[in-house]
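See below for entry-v8.txt, which holds compact mmCIF, C-alpha atoms and all ligand atoms.
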```txt
# COMPACT_ATOMS: atom_id res chain seq x y z
CA MET A 16 13.10 -19.08 2.19
CA ASN A 17 14.40 -15.76 3.32
CA PHE A 18 12.62 -12.79 1.82
CA ILE A 19 14.30 -10.04 3.74
CA LYS A 20 17.08 -9.91 1.13
CA LYS A 21 14.53 -9.27 -1.58
CA SER A 22 12.70 -6.42 0.02
CA PRO A 23 14.90 -4.13 2.10
CA TRP A 24 13.10 -1.00 3.20
CA ILE A 25 15.40 1.83 4.15
CA LEU A 26 15.07 4.64 6.64
CA HIS A 27 17.43 7.49 5.88
CA TYR A 28 18.51 9.77 8.70
CA ASP A 29 20.66 12.85 8.26
CA GLY A 30 22.79 13.38 11.39
CA SER A 31 24.91 16.46 10.89
CA SER A 32 25.97 15.86 7.34
CA CYS A 33 26.89 18.57 4.85
CA ASN A 34 24.10 17.15 2.61
CA GLY A 35 26.68 15.78 0.20
CA CYS A 36 26.05 12.20 1.23
CA ASP A 37 22.28 12.73 1.37
CA ILE A 38 22.23 13.79 -2.23
CA GLU A 39 24.20 10.70 -3.18
CA VAL A 40 21.78 8.51 -1.23
CA LEU A 41 18.85 10.06 -3.04
CA ALA A 42 20.68 9.68 -6.34
CA CYS A 43 20.37 5.92 -5.83
CA LEU A 44 16.62 6.26 -6.33
CA THR A 45 16.92 8.04 -9.66
CA PRO A 46 16.48 6.22 -13.00
CA LEU A 47 20.26 5.94 -13.44
CA TYR A 48 20.78 3.70 -10.38
CA ASP A 49 17.17 2.74 -9.58
CA VAL A 50 17.54 0.74 -6.37
CA GLU A 51 13.90 -0.30 -6.60
CA ARG A 52 15.29 -3.01 -8.91
CA PHE A 53 16.36 -4.76 -5.70
CA GLY A 54 13.07 -4.07 -3.99
CA VAL A 55 14.50 -1.19 -1.99
CA ILE A 56 11.99 1.33 -0.78
CA ASN A 57 12.91 4.61 0.88
CA THR A 58 10.45 4.80 3.76
CA GLY A 59 10.05 7.64 6.21
CA ASN A 60 8.80 5.40 8.94
CA PRO A 61 11.11 3.51 11.34
CA LYS A 62 8.40 0.91 12.03
CA HIS A 63 8.42 -0.16 8.38
CA ALA A 64 12.18 -0.04 7.89
CA ASP A 65 14.76 -2.83 7.88
CA ILE A 66 17.88 -0.75 7.33
CA LEU A 67 18.80 2.50 9.07
CA LEU A 68 21.01 4.55 6.78
CA ILE A 69 22.84 7.30 8.65
CA THR A 70 24.70 10.10 6.94
CA GLY A 71 26.71 12.63 8.86
CA SER A 72 28.11 12.50 12.35
CA VAL A 73 26.27 12.22 15.62
CA ASN A 74 26.09 15.41 17.67
CA GLU A 75 24.93 16.22 21.18
CA GLN A 76 21.50 17.26 19.92
CA ASN A 77 20.59 14.24 17.88
CA ILE A 78 21.75 11.38 20.12
CA PRO A 79 18.26 10.79 21.56
CA VAL A 80 16.72 11.07 18.08
CA VAL A 81 19.03 8.47 16.55
CA LYS A 82 18.50 6.13 19.49
CA GLN A 83 14.75 6.46 19.31
CA LEU A 84 14.66 5.80 15.58
CA TYR A 85 16.69 2.65 16.07
CA GLU A 86 14.51 1.45 18.95
CA GLN A 87 11.33 1.91 16.92
CA MET A 88 12.52 -0.35 14.13
CA ALA A 89 11.20 -3.91 14.08
CA GLU A 90 13.68 -6.81 14.42
CA PRO A 91 15.75 -7.80 12.50
CA ARG A 92 17.41 -4.47 11.68
CA VAL A 93 20.83 -3.22 10.59
CA VAL A 94 22.61 0.12 10.59
CA VAL A 95 24.63 1.41 7.65
CA ALA A 96 26.87 4.43 8.18
CA VAL A 97 27.31 6.32 4.91
CA GLY A 98 30.27 8.63 4.43
CA ILE A 99 33.33 9.43 6.51
CA CYS A 100 31.29 11.70 8.79
CA ALA A 101 29.09 8.82 9.85
CA ALA A 102 32.13 6.62 10.38
CA THR A 103 34.33 8.89 12.46
CA GLY A 104 32.97 12.41 12.41
CA GLY A 105 35.15 13.15 9.41
CA ILE A 106 35.86 16.75 8.61
CA PHE A 107 33.53 17.86 11.41
CA SER A 108 35.11 15.69 14.12
CA GLU A 109 36.85 18.68 15.75
CA CYS A 110 33.63 20.66 16.12
CA TYR A 111 32.57 21.48 19.67
CA ASN A 112 29.19 19.74 19.31
CA VAL A 113 30.18 16.65 17.36
CA VAL A 114 30.44 13.43 19.33
CA GLY A 115 31.83 11.29 16.52
CA GLY A 116 30.65 8.57 14.17
CA ALA A 117 27.30 6.82 14.32
CA ASP A 118 28.93 3.91 16.18
CA LYS A 119 29.19 6.11 19.29
CA VAL A 120 25.48 5.48 19.90
CA LEU A 121 24.38 2.61 17.63
CA PRO A 122 25.77 -0.80 16.70
CA VAL A 123 26.85 0.01 13.14
CA ASP A 124 27.01 -3.04 10.84
CA VAL A 125 28.40 -1.58 7.62
CA TYR A 126 30.60 1.46 6.99
CA VAL A 127 30.48 2.99 3.52
CA PRO A 128 33.61 5.09 2.91
CA GLY A 129 33.84 8.23 0.82
CA CYS A 130 33.33 11.94 1.07
CA ALA A 131 30.82 11.97 -0.40
CA ALA A 132 30.13 8.23 -0.73
CA ARG A 133 29.34 7.45 -4.35
CA PRO A 134 25.93 5.96 -5.20
CA GLU A 135 27.60 2.73 -6.30
CA ALA A 136 29.31 2.51 -2.91
CA VAL A 137 26.04 3.21 -1.12
CA ILE A 138 24.28 0.43 -3.06
CA ASP A 139 27.18 -1.92 -2.35
CA GLY A 140 26.97 -1.08 1.34
CA VAL A 141 23.24 -1.80 1.39
CA MET A 142 23.80 -5.14 -0.33
CA ARG A 143 26.42 -6.11 2.26
CA ALA A 144 24.01 -5.04 4.99
CA LEU A 145 21.47 -7.46 3.53
CA ALA A 146 23.78 -10.39 4.11
CA ILE A 147 24.12 -9.33 7.75
CA LEU A 148 20.36 -8.85 7.98
CA GLU A 149 19.81 -12.40 6.79
CA GLU A 150 22.32 -13.68 9.32
CA LYS A 151 20.55 -11.78 12.11
CA GLN A 152 17.22 -13.20 11.11
CA LYS A 153 18.60 -16.74 11.14
CA THR A 154 20.07 -16.39 14.63
CA ALA A 155 16.85 -14.76 15.86
CA ARG A 156 14.88 -17.74 14.55
CA CYS A 157 17.30 -20.25 16.08
CA LYS A 158 16.93 -18.51 19.44
CA LYS A 159 13.16 -18.56 19.13
CA GLY A 160 13.27 -22.24 18.18
CA THR A 161 15.35 -23.25 21.19
CA GLN A 162 13.20 -21.14 23.49
CA GLU A 163 10.06 -22.84 22.25
CA GLY A 164 11.79 -26.21 22.48
CA ALA A 165 12.69 -25.56 26.11
CA GLY A 166 9.12 -24.50 26.80
CA VAL A 167 10.02 -20.95 27.77
CA MET B 9 -19.06 -27.47 -4.13
CA ILE B 10 -19.81 -24.01 -2.88
CA ALA B 11 -17.26 -24.49 -0.10
CA LEU B 12 -14.64 -25.32 -2.72
CA GLU B 13 -15.54 -22.22 -4.72
CA ILE B 14 -15.25 -20.05 -1.63
CA LEU B 15 -11.88 -21.60 -0.81
CA ALA B 16 -10.67 -20.98 -4.36
CA ILE B 17 -11.80 -17.35 -4.16
CA ILE B 18 -10.05 -16.81 -0.83
CA ILE B 19 -6.77 -18.25 -2.16
CA LEU B 20 -6.73 -17.08 -5.78
CA THR B 21 -7.95 -13.51 -5.29
CA PRO B 22 -4.85 -12.29 -3.42
CA LEU B 23 -2.64 -14.04 -5.97
CA VAL B 24 -4.28 -12.10 -8.79
CA GLY B 25 -4.31 -8.90 -6.73
CA GLY B 26 -0.63 -9.26 -5.87
CA LEU B 27 0.32 -9.85 -9.50
CA LEU B 28 -1.72 -6.80 -10.53
CA THR B 29 0.08 -4.71 -7.92
CA GLY B 30 3.42 -6.06 -9.12
CA ALA B 31 2.57 -5.23 -12.73
CA ASP B 32 1.49 -1.80 -11.53
CA ARG B 33 4.90 -1.22 -9.93
CA VAL B 34 6.78 -2.34 -13.03
CA ILE B 35 4.64 -0.23 -15.37
CA SER B 36 4.95 2.79 -13.07
CA ALA B 37 8.74 2.37 -13.03
CA ARG B 38 8.87 2.14 -16.82
CA MET B 39 6.75 5.28 -17.09
CA GLN B 40 9.34 7.03 -14.92
CA GLY B 41 12.22 5.73 -17.04
CA ARG B 42 13.34 3.17 -14.46
CA LYS B 43 13.72 -0.58 -14.69
CA GLY B 44 11.54 -1.27 -11.69
CA PRO B 45 11.26 -4.21 -9.31
CA PRO B 46 10.40 -7.78 -10.32
CA VAL B 47 6.70 -8.51 -10.89
CA LEU B 48 6.67 -10.69 -7.79
CA GLN B 49 7.97 -7.85 -5.59
CA PRO B 50 4.67 -7.35 -3.70
CA PHE B 51 4.80 -11.01 -2.65
CA TYR B 52 8.41 -10.65 -1.48
CA ASP B 53 7.40 -7.60 0.55
CA VAL B 54 4.49 -9.37 2.19
CA PHE B 55 6.45 -12.55 2.97
CA LYS B 56 9.21 -10.44 4.45
CA LEU B 57 6.73 -8.59 6.63
CA PHE B 58 5.39 -11.92 7.87
CA GLN B 59 8.92 -12.85 8.94
CA LYS B 60 9.48 -9.60 10.81
CA GLU B 61 8.64 -8.63 14.35
CA SER B 62 5.18 -7.07 14.83
CA ILE B 63 5.34 -4.17 17.20
CA GLU B 64 2.19 -4.05 19.28
CA VAL B 65 0.88 -0.59 20.14
CA ASN B 66 -2.15 -2.04 21.90
CA THR B 67 -4.30 -5.11 21.37
CA MET B 68 -7.29 -3.39 19.76
CA HIS B 69 -5.04 -1.72 17.25
CA ARG B 70 -4.10 -5.04 15.65
CA PHE B 71 -7.54 -6.59 16.06
CA TYR B 72 -9.23 -4.04 13.76
CA VAL B 73 -6.99 -4.92 10.83
CA TYR B 74 -8.00 -8.57 11.03
CA ILE B 75 -11.70 -7.71 11.31
CA SER B 76 -11.30 -5.42 8.32
CA ILE B 77 -9.80 -8.13 6.12
CA ILE B 78 -12.56 -10.57 7.11
CA PHE B 79 -15.23 -8.16 5.87
CA VAL B 80 -13.33 -7.44 2.67
CA ILE B 81 -12.97 -11.18 1.98
CA PHE B 82 -16.68 -11.57 2.70
CA THR B 83 -17.42 -8.86 0.12
CA VAL B 84 -15.18 -10.50 -2.47
CA ILE B 85 -16.96 -13.82 -1.94
CA ILE B 86 -20.36 -12.19 -2.38
CA VAL B 87 -19.33 -10.44 -5.57
CA LEU B 88 -17.49 -13.33 -7.20
CA LEU B 89 -20.27 -15.79 -6.39
CA GLY B 90 -22.76 -13.47 -8.07
CA GLY B 91 -24.47 -12.25 -4.91
CA ASP B 92 -26.23 -9.04 -3.99
CA VAL B 93 -24.49 -5.82 -5.08
CA LEU B 94 -26.04 -3.79 -2.31
CA LEU B 95 -24.91 -6.23 0.37
CA ALA B 96 -21.41 -6.18 -1.13
CA VAL B 97 -21.26 -2.38 -0.98
CA PHE B 98 -22.36 -2.34 2.65
CA ALA B 99 -19.97 -5.09 3.71
CA LEU B 100 -17.12 -3.28 1.96
CA THR B 101 -17.99 -0.09 3.82
CA LEU B 102 -17.90 -1.96 7.10
CA GLY B 103 -14.45 -3.30 6.24
CA SER B 104 -13.19 0.22 5.55
CA ILE B 105 -14.74 1.51 8.78
CA PHE B 106 -12.84 -1.07 10.82
CA PHE B 107 -9.64 -0.06 9.06
CA VAL B 108 -10.29 3.56 10.03
CA LEU B 109 -10.96 2.51 13.63
CA GLY B 110 -7.58 0.77 13.60
CA GLY B 111 -6.01 4.11 12.71
CA TYR B 112 -7.83 5.87 15.55
CA ALA B 113 -6.93 3.12 18.03
CA SER B 114 -3.20 3.75 17.77
CA ASN B 115 -3.46 7.34 19.02
CA SER B 116 -0.51 8.42 16.91
CA PRO B 117 -0.97 11.83 15.26
CA TYR B 118 0.00 10.45 11.84
CA SER B 119 -2.52 7.63 12.09
CA LEU B 120 -5.20 10.05 13.28
CA ILE B 121 -4.69 12.25 10.24
CA GLY B 122 -4.72 9.13 8.08
CA SER B 123 -8.00 7.99 9.62
CA GLU B 124 -9.62 11.34 9.09
CA ARG B 125 -8.48 11.40 5.49
CA GLU B 126 -9.69 7.85 4.98
CA LEU B 127 -13.13 8.93 6.23
CA LEU B 128 -13.07 11.82 3.76
CA GLN B 129 -12.21 9.40 1.00
CA MET B 130 -15.09 7.17 1.99
CA MET B 131 -17.41 10.16 1.92
CA SER B 132 -16.16 10.83 -1.60
CA TYR B 133 -16.68 7.38 -3.09
CA GLU B 134 -19.64 5.93 -1.18
CA PRO B 135 -22.41 7.94 -2.95
CA MET B 136 -21.15 6.83 -6.34
CA LEU B 137 -20.96 3.18 -5.24
CA LEU B 138 -24.59 3.34 -4.13
CA LEU B 139 -25.67 5.08 -7.34
CA ALA B 140 -23.88 2.41 -9.36
CA SER B 141 -25.76 -0.36 -7.55
CA LEU B 142 -29.04 1.50 -8.08
CA GLY B 143 -28.26 1.93 -11.77
CA LEU B 144 -27.48 -1.76 -12.16
CA TYR B 145 -30.80 -2.54 -10.48
CA TYR B 146 -32.70 -0.22 -12.82
CA VAL B 147 -31.26 -1.92 -15.88
CA ASN B 148 -31.83 -5.51 -14.84
CA ASN B 149 -34.50 -5.30 -12.15
CA SER B 150 -32.28 -7.28 -9.86
CA PHE B 151 -29.55 -6.56 -7.34
CA TYR B 152 -28.06 -9.99 -7.95
CA ILE B 153 -24.84 -9.95 -9.95
CA LYS B 154 -25.72 -13.39 -11.32
CA ASP B 155 -28.80 -11.88 -13.02
CA ILE B 156 -26.99 -8.74 -14.13
CA ILE B 157 -24.26 -10.61 -16.00
CA SER B 158 -26.73 -12.97 -17.67
CA GLY B 159 -28.81 -10.21 -19.28
CA ASP B 160 -29.02 -9.52 -23.02
CA THR B 161 -27.47 -6.07 -23.24
CA PRO B 162 -24.45 -5.01 -21.22
CA ALA B 163 -25.18 -2.50 -18.46
CA ILE B 164 -22.61 -0.09 -19.88
CA LEU B 165 -24.98 0.76 -22.78
CA PHE B 166 -27.55 2.11 -20.32
CA LEU B 167 -25.13 3.43 -17.75
CA PRO B 168 -22.24 5.19 -19.52
CA GLY B 169 -22.44 8.12 -17.10
CA ILE B 170 -22.52 5.94 -14.04
CA PHE B 171 -19.62 3.91 -15.40
CA ALA B 172 -17.57 7.09 -15.98
CA GLY B 173 -18.32 8.24 -12.45
CA PHE B 174 -17.43 4.79 -11.14
CA VAL B 175 -14.05 4.85 -12.88
CA PHE B 176 -13.49 8.26 -11.33
CA ILE B 177 -14.03 7.00 -7.79
CA LEU B 178 -11.95 3.89 -8.48
CA THR B 179 -8.96 6.18 -8.06
CA PHE B 180 -9.94 6.59 -4.40
CA LYS B 181 -10.47 2.90 -3.83
CA LEU B 182 -7.24 1.86 -5.56
CA ARG B 183 -5.38 4.52 -3.53
CA LYS B 184 -3.94 6.21 -6.58
CA SER B 185 -2.70 9.74 -7.00
CA PRO B 186 -4.15 12.46 -7.21
CA VAL B 187 -6.49 11.31 -4.44
CA ASP B 188 -4.29 8.95 -2.41
CA LEU B 189 -4.71 11.11 0.66
CA SER B 190 -4.92 8.57 3.43
CA MET B 191 -2.41 5.91 2.45
CA SER B 192 -0.25 6.32 -0.61
CA HIS B 193 1.96 3.78 -2.33
CA HIS B 194 4.42 6.48 -3.33
CA GLY B 195 6.69 8.58 -1.18
CA HIS B 196 6.63 6.45 1.92
CA GLN B 197 6.77 9.36 4.31
CA GLU B 198 4.80 9.41 7.49
CA ILE B 199 1.84 11.61 6.71
CA VAL B 200 1.04 9.90 3.43
CA LYS B 201 1.43 6.49 5.03
CA GLY B 202 -1.44 7.56 7.27
CA ILE B 203 -3.21 4.71 9.02
CA THR B 204 -0.38 2.25 8.40
CA THR B 205 2.17 4.39 10.26
CA GLU B 206 1.96 2.42 13.49
CA TYR B 207 1.64 -1.01 11.91
CA SER B 208 4.60 -3.27 11.33
CA GLY B 209 5.36 -6.89 10.53
CA LYS B 210 2.37 -9.23 10.12
CA ASP B 211 -0.23 -6.51 10.59
CA LEU B 212 1.22 -4.43 7.79
CA ALA B 213 1.29 -7.54 5.60
CA ILE B 214 -2.41 -8.10 6.30
CA ILE B 215 -3.17 -4.51 5.31
CA GLU B 216 -1.34 -5.07 2.04
CA ILE B 217 -3.25 -8.29 1.37
CA THR B 218 -6.52 -6.49 2.12
CA HIS B 219 -5.57 -4.02 -0.55
CA TRP B 220 -5.00 -6.86 -3.03
CA TYR B 221 -8.49 -8.18 -2.34
CA GLU B 222 -9.91 -4.70 -2.82
CA THR B 223 -8.09 -4.26 -6.13
CA VAL B 224 -9.68 -7.42 -7.52
CA LEU B 225 -13.01 -6.40 -6.05
CA VAL B 226 -13.20 -3.01 -7.77
CA LEU B 227 -12.10 -4.53 -11.07
CA ALA B 228 -14.87 -7.11 -10.65
CA PHE B 229 -17.29 -4.19 -10.50
CA VAL B 230 -15.92 -2.92 -13.81
CA TYR B 231 -16.44 -6.42 -15.18
CA ILE B 232 -20.12 -6.41 -14.20
CA PHE B 233 -20.75 -3.41 -16.43
CA PHE B 234 -19.64 -5.29 -19.54
CA ALA B 235 -20.49 -8.96 -19.07
CA VAL B 236 -23.69 -10.50 -20.51
CA LYS B 237 -25.00 -13.92 -21.50
CA ASP B 238 -22.81 -14.05 -24.62
CA PRO B 239 -19.42 -15.63 -23.69
CA VAL B 240 -17.54 -13.24 -25.99
CA SER B 241 -18.67 -10.33 -23.85
CA HIS B 242 -16.66 -11.78 -20.97
CA VAL B 243 -13.49 -11.33 -23.01
CA TRP B 244 -14.47 -7.70 -23.56
CA ALA B 245 -15.14 -7.34 -19.87
CA VAL B 246 -11.66 -8.58 -18.95
CA LEU B 247 -10.20 -6.26 -21.57
CA ALA B 248 -12.15 -3.36 -20.07
CA CYS B 249 -10.71 -4.18 -16.62
CA VAL B 250 -7.18 -4.15 -18.06
CA VAL B 251 -7.76 -0.81 -19.82
CA VAL B 252 -9.27 0.76 -16.71
CA TYR B 253 -6.38 -0.46 -14.55
CA PHE B 254 -3.84 0.90 -17.02
CA LEU B 255 -5.64 4.25 -17.10
CA GLU B 256 -5.48 4.38 -13.31
CA ILE B 257 -1.72 3.77 -13.42
CA LEU B 258 -1.34 6.49 -16.04
CA VAL B 259 -3.29 9.01 -13.95
CA ASP B 260 -1.38 7.89 -10.87
CA ASN B 261 1.97 8.71 -12.47
CA GLY B 262 0.81 11.82 -14.25
CA SER B 263 -0.70 13.82 -11.45
CA ALA B 264 0.22 15.37 -8.12
CA ARG B 265 -1.73 14.75 -4.93
CA VAL B 266 -4.63 17.21 -4.46
CA LYS B 267 -5.98 18.71 -1.25
CA TRP B 268 -8.86 16.91 0.41
CA GLN B 269 -11.28 19.75 -0.34
CA LEU B 270 -10.77 19.33 -4.06
CA ALA B 271 -10.91 15.54 -3.84
CA LEU B 272 -14.23 15.60 -2.00
CA LYS B 273 -15.75 18.35 -4.13
CA SER B 274 -14.74 16.84 -7.45
CA SER B 275 -16.03 13.40 -6.59
CA TRP B 276 -19.38 14.76 -5.43
CA ILE B 277 -19.70 16.95 -8.51
CA VAL B 278 -18.94 13.99 -10.77
CA THR B 279 -21.36 11.78 -8.83
CA GLY B 280 -24.02 14.48 -8.89
CA ILE B 281 -23.73 15.24 -12.57
CA VAL B 282 -22.91 12.06 -14.49
CA GLY B 283 -24.31 9.61 -11.96
CA ALA B 284 -27.57 11.30 -11.09
CA VAL B 285 -28.29 12.50 -14.65
CA ASN B 286 -27.70 9.01 -16.00
CA LEU B 287 -30.08 7.58 -13.40
CA VAL B 288 -32.79 10.16 -14.20
CA VAL B 289 -32.47 9.54 -17.93
CA ILE B 290 -32.85 5.77 -17.71
CA SER B 291 -35.77 6.11 -15.33
CA LEU B 292 -37.50 8.35 -17.93
CA PHE B 293 -37.02 5.90 -20.77
CA ARG B 294 -38.19 2.82 -19.01
S1 LIG C 1 31.29 12.45 4.37
FE1 LIG C 1 31.73 14.31 3.22
S2 LIG C 1 30.01 14.54 1.83
FE2 LIG C 1 29.38 13.08 3.38
S3 LIG C 1 28.37 14.32 4.92
FE3 LIG C 1 30.51 14.16 5.54
S4 LIG C 1 31.49 15.97 4.68
FE4 LIG C 1 29.52 15.73 3.64
```
Mind turning the file's structure into structure tokens?
Amino acid sequence: MNFIKKSPWILHYDGSSCNGCDIEVLACLTPLYDVERFGVINTGNPKHADILLITGSVNEQNIPVVKQLYEQMAEPRVVVAVGICAATGGIFSECYNVVGGADKVLPVDVYVPGCAARPEAVIDGVMRALAILEEKQKTARCKKGTQEGAGV
Amino acid sequence: MIALEILAIIILTPLVGGLLTGADRVISARMQGRKGPPVLQPFYDVFKLFQKESIEVNTMHRFYVYISIIFVIFTVIIVLLGGDVLLAVFALTLGSIFFVLGGYASNSPYSLIGSERELLQMMSYEPMLLLASLGLYYVNNSFYIKDIISGDTPAILFLPGIFAGFVFILTFKLRKSPVDLSMSHHGHQEIVKGITTEYSGKDLAIIEITHWYETVLVLAFVYIFFAVKDPVSHVWAVLACVVVYFLEILVDNGSARVKWQLALKSSWIVTGIVGAVNLVVISLFR
């Protein structure tokens, strides 16, 4: 059985967002939406997280930070880009320091549209990410199985 | 026979502990006006962690967690088989010490702070644990739990002060707010995740299971205060465990984390006053 779908732990990183999306992400934790129903926990620690939730665009300053956060996460892991900023740079894309969406540095799995993305959309995005997470875990296991079978 | 009992303890204790933790999460959520996760959520979390990659900081770092759980299991076996209270307290301390060493081994600043805070927490609850064992000895003239729970009068009648002090330090051992300094179950941010910061995958799962064993263990201590020869008293003892656990959840949700100075001071004051006075009084009347 696959338990990763039942207990997704999320790491939230604010790139250069206007804080609009961050507030919507946090709203998901409030009694009205209560994502803990699905076992979601908002962790502050990349080593415990399964899902990296990025709001806001990537800029010259935070490229190494974003990369490091992603590298510290344990496999399997997925990246969810929340809001238009995280997808393309959005309203800030013309700024001198903005590089673009999160996919400029990380393999983004799910894009959640909206400016700001609504909590319902964020939850939906996370749920879609879970399906991808499960898929990743399966392929990782298959790989491991064949490696062991071949005696590597 | 005894091997079977030990096996049953090793398997059933984490099941009970996990269910208690799950109930805790649901009740906490309801207290906050949320629906909360399913009762089995702690099991889902742990099984997921077993399926994830374990990032190795260094070999010793992981080793300590496994040593720690072995000592905690050893303590649980002693207590549930009716063994020596004093031995149980010492073995439990050893388990906690190895956990702290695991935090130091990782060399991460967050883990170091967690380890130091864990040591402070141990300094806060250890004196009361020892006083409680002494008190139980005074009442029954035996350190053996088997003898204590087959007496005529429940220990709580002689040791109300020590019991109150014990419930106070339970908050440390169950890692509940306001004294969840070293490793909190709320607000999973780095500094309050303390020692666990550098653990992931299987190792983190083992830490969680250790905590389940400890939860059952401390509630077993509560049980000892109430149980006597009379079988009905065992029902009361279970009820007392439930009430104490609920109270801990209530305090957990109703209070903010305190600074370590206050945590240490308050626990020593409580130990010094209710624990020591209770001990002096029963030694006078014997
Ligand atoms: S998408 Fe809109 S609300 Fe979200 S960070 Fe960008 S500008 Fe702010």
Could you check how far atom CA of B:Leu144 sits from atom CA of B:Ile156, in Å to one decimal?
7.3 Å
Within 8 Å of ligand LIG 1 (chain C) (counting all atoms listed in the file), which residues show up? I'd like them as a PyMOL selection string.
chain A and resi 31-37+70-72+97-101+104-107+128-132
Write out the residues from the selection above, keeping C-alpha atoms, as an mmCIF file, in the frame of the given file.
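Wrote it out as part-v6.cif, contents follow:
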```
data_model
loop_
_atom_site.group_PDB
_atom_site.id
_atom_site.type_symbol
_atom_site.label_atom_id
_atom_site.label_comp_id
_atom_site.auth_asym_id
_atom_site.auth_seq_id
_atom_site.Cartn_x
_atom_site.Cartn_y
_atom_site.Cartn_z
ATOM 1 C CA SER A 31 24.910 16.460 10.890
ATOM 2 C CA SER A 32 25.970 15.860 7.340
ATOM 3 C CA CYS A 33 26.890 18.570 4.850
ATOM 4 C CA ASN A 34 24.100 17.150 2.610
ATOM 5 C CA GLY A 35 26.680 15.780 0.200
ATOM 6 C CA CYS A 36 26.050 12.200 1.230
ATOM 7 C CA ASP A 37 22.280 12.730 1.370
ATOM 8 C CA THR A 70 24.700 10.100 6.940
ATOM 9 C CA GLY A 71 26.710 12.630 8.860
ATOM 10 C CA SER A 72 28.110 12.500 12.350
ATOM 11 C CA VAL A 97 27.310 6.320 4.910
ATOM 12 C CA GLY A 98 30.270 8.630 4.430
ATOM 13 C CA ILE A 99 33.330 9.430 6.510
ATOM 14 C CA CYS A 100 31.290 11.700 8.790
ATOM 15 C CA ALA A 101 29.090 8.820 9.850
ATOM 16 C CA GLY A 104 32.970 12.410 12.410
ATOM 17 C CA GLY A 105 35.150 13.150 9.410
ATOM 18 C CA ILE A 106 35.860 16.750 8.610
ATOM 19 C CA PHE A 107 33.530 17.860 11.410
ATOM 20 C CA PRO A 128 33.610 5.090 2.910
ATOM 21 C CA GLY A 129 33.840 8.230 0.820
ATOM 22 C CA CYS A 130 33.330 11.940 1.070
ATOM 23 C CA ALA A 131 30.820 11.970 -0.400
ATOM 24 C CA ALA A 132 30.130 8.230 -0.730
#
```
I'd like the contact shell of A:Lys82 - 8 Å cut-off, all atoms listed in the file, skipping same-chain residues fewer than 3 positions apart - returned as a list in words.
Ile78, Pro79, Tyr85, Glu86, Val120 and Leu121 of chain A
Can you work out which one of A:Ile69, A:Thr154, A:Asp139, A:Asn57 has the shortest atom-to-atom distance to A:Thr45, counting all atoms listed in the file?
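The shortest atom-to-atom distance to A:Thr45 comes from A:Asn57.
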Give me, as JSON lines, the closest atom pair and its distance (Å, one decimal) for every residue of stretch 175-217 of chain B within a cut-off of 12 Å of stretch 223-233 of chain B, counting all atoms listed in the file, rows sorted by chain and rising number.
```
{"residue": "B:Val175", "atom": "CA", "partner": "B:Val230", "partner_atom": "CA", "distance": 8.0}
{"residue": "B:Phe176", "atom": "CA", "partner": "B:Val230", "partner_atom": "CA", "distance": 11.7}
{"residue": "B:Ile177", "atom": "CA", "partner": "B:Val226", "partner_atom": "CA", "distance": 10.0}
{"residue": "B:Leu178", "atom": "CA", "partner": "B:Val226", "partner_atom": "CA", "distance": 7.0}
{"residue": "B:Thr179", "atom": "CA", "partner": "B:Val226", "partner_atom": "CA", "distance": 10.1}
{"residue": "B:Phe180", "atom": "CA", "partner": "B:Val226", "partner_atom": "CA", "distance": 10.7}
{"residue": "B:Lys181", "atom": "CA", "partner": "B:Val226", "partner_atom": "CA", "distance": 7.6}
{"residue": "B:Leu182", "atom": "CA", "partner": "B:Thr223", "partner_atom": "CA", "distance": 6.2}
{"residue": "B:Arg183", "atom": "CA", "partner": "B:Thr223", "partner_atom": "CA", "distance": 9.5}
{"residue": "B:Lys184", "atom": "CA", "partner": "B:Thr223", "partner_atom": "CA", "distance": 11.3}
{"residue": "B:Glu216", "atom": "CA", "partner": "B:Thr223", "partner_atom": "CA", "distance": 10.6}
{"residue": "B:Ile217", "atom": "CA", "partner": "B:Thr223", "partner_atom": "CA", "distance": 9.8}
```
Mind writing the picked residues with C-alpha atoms as a PDB file, in the coordinates of the input?
```pdb
ATOM      1  CA  VAL B 175     -14.050   4.850 -12.880  1.00  0.00           C
ATOM      2  CA  PHE B 176     -13.490   8.260 -11.330  1.00  0.00           C
ATOM      3  CA  ILE B 177     -14.030   7.000  -7.790  1.00  0.00           C
ATOM      4  CA  LEU B 178     -11.950   3.890  -8.480  1.00  0.00           C
ATOM      5  CA  THR B 179      -8.960   6.180  -8.060  1.00  0.00           C
ATOM      6  CA  PHE B 180      -9.940   6.590  -4.400  1.00  0.00           C
ATOM      7  CA  LYS B 181     -10.470   2.900  -3.830  1.00  0.00           C
ATOM      8  CA  LEU B 182      -7.240   1.860  -5.560  1.00  0.00           C
ATOM      9  CA  ARG B 183      -5.380   4.520  -3.530  1.00  0.00           C
ATOM     10  CA  LYS B 184      -3.940   6.210  -6.580  1.00  0.00           C
ATOM     11  CA  GLU B 216      -1.340  -5.070   2.040  1.00  0.00           C
ATOM     12  CA  ILE B 217      -3.250  -8.290   1.370  1.00  0.00           C
TER      13      ILE B 217
END
```
Give me, as a PyMOL selection string, the residues of chain A touching chain B, with the criterion being at most 9 Å (counting only C-alpha atoms).
chain A and resi 17-23+45-60+62-64+87-91+152
A:Leu67: which residues within 9 Å, counting all atoms listed in the file, same-chain residues fewer than 4 positions away excluded, as a ChimeraX atom specification?
/A:24-28,61,84-85,88,92-96
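Here atom CA of B:Ala264 stands at a distance of 25.1 Å from atom CA of B:Thr218.
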Determine, counting only C-alpha atoms, which protein, DNA and RNA residues have an atom within 9 Å of an atom of B:Glu124; residues of the same chain fewer than 2 positions away are not included. Present the result as JSON, numbers by chain.
{"B": [108, 111, 112, 119, 120, 121, 122, 126, 127, 128, 129, 190]}
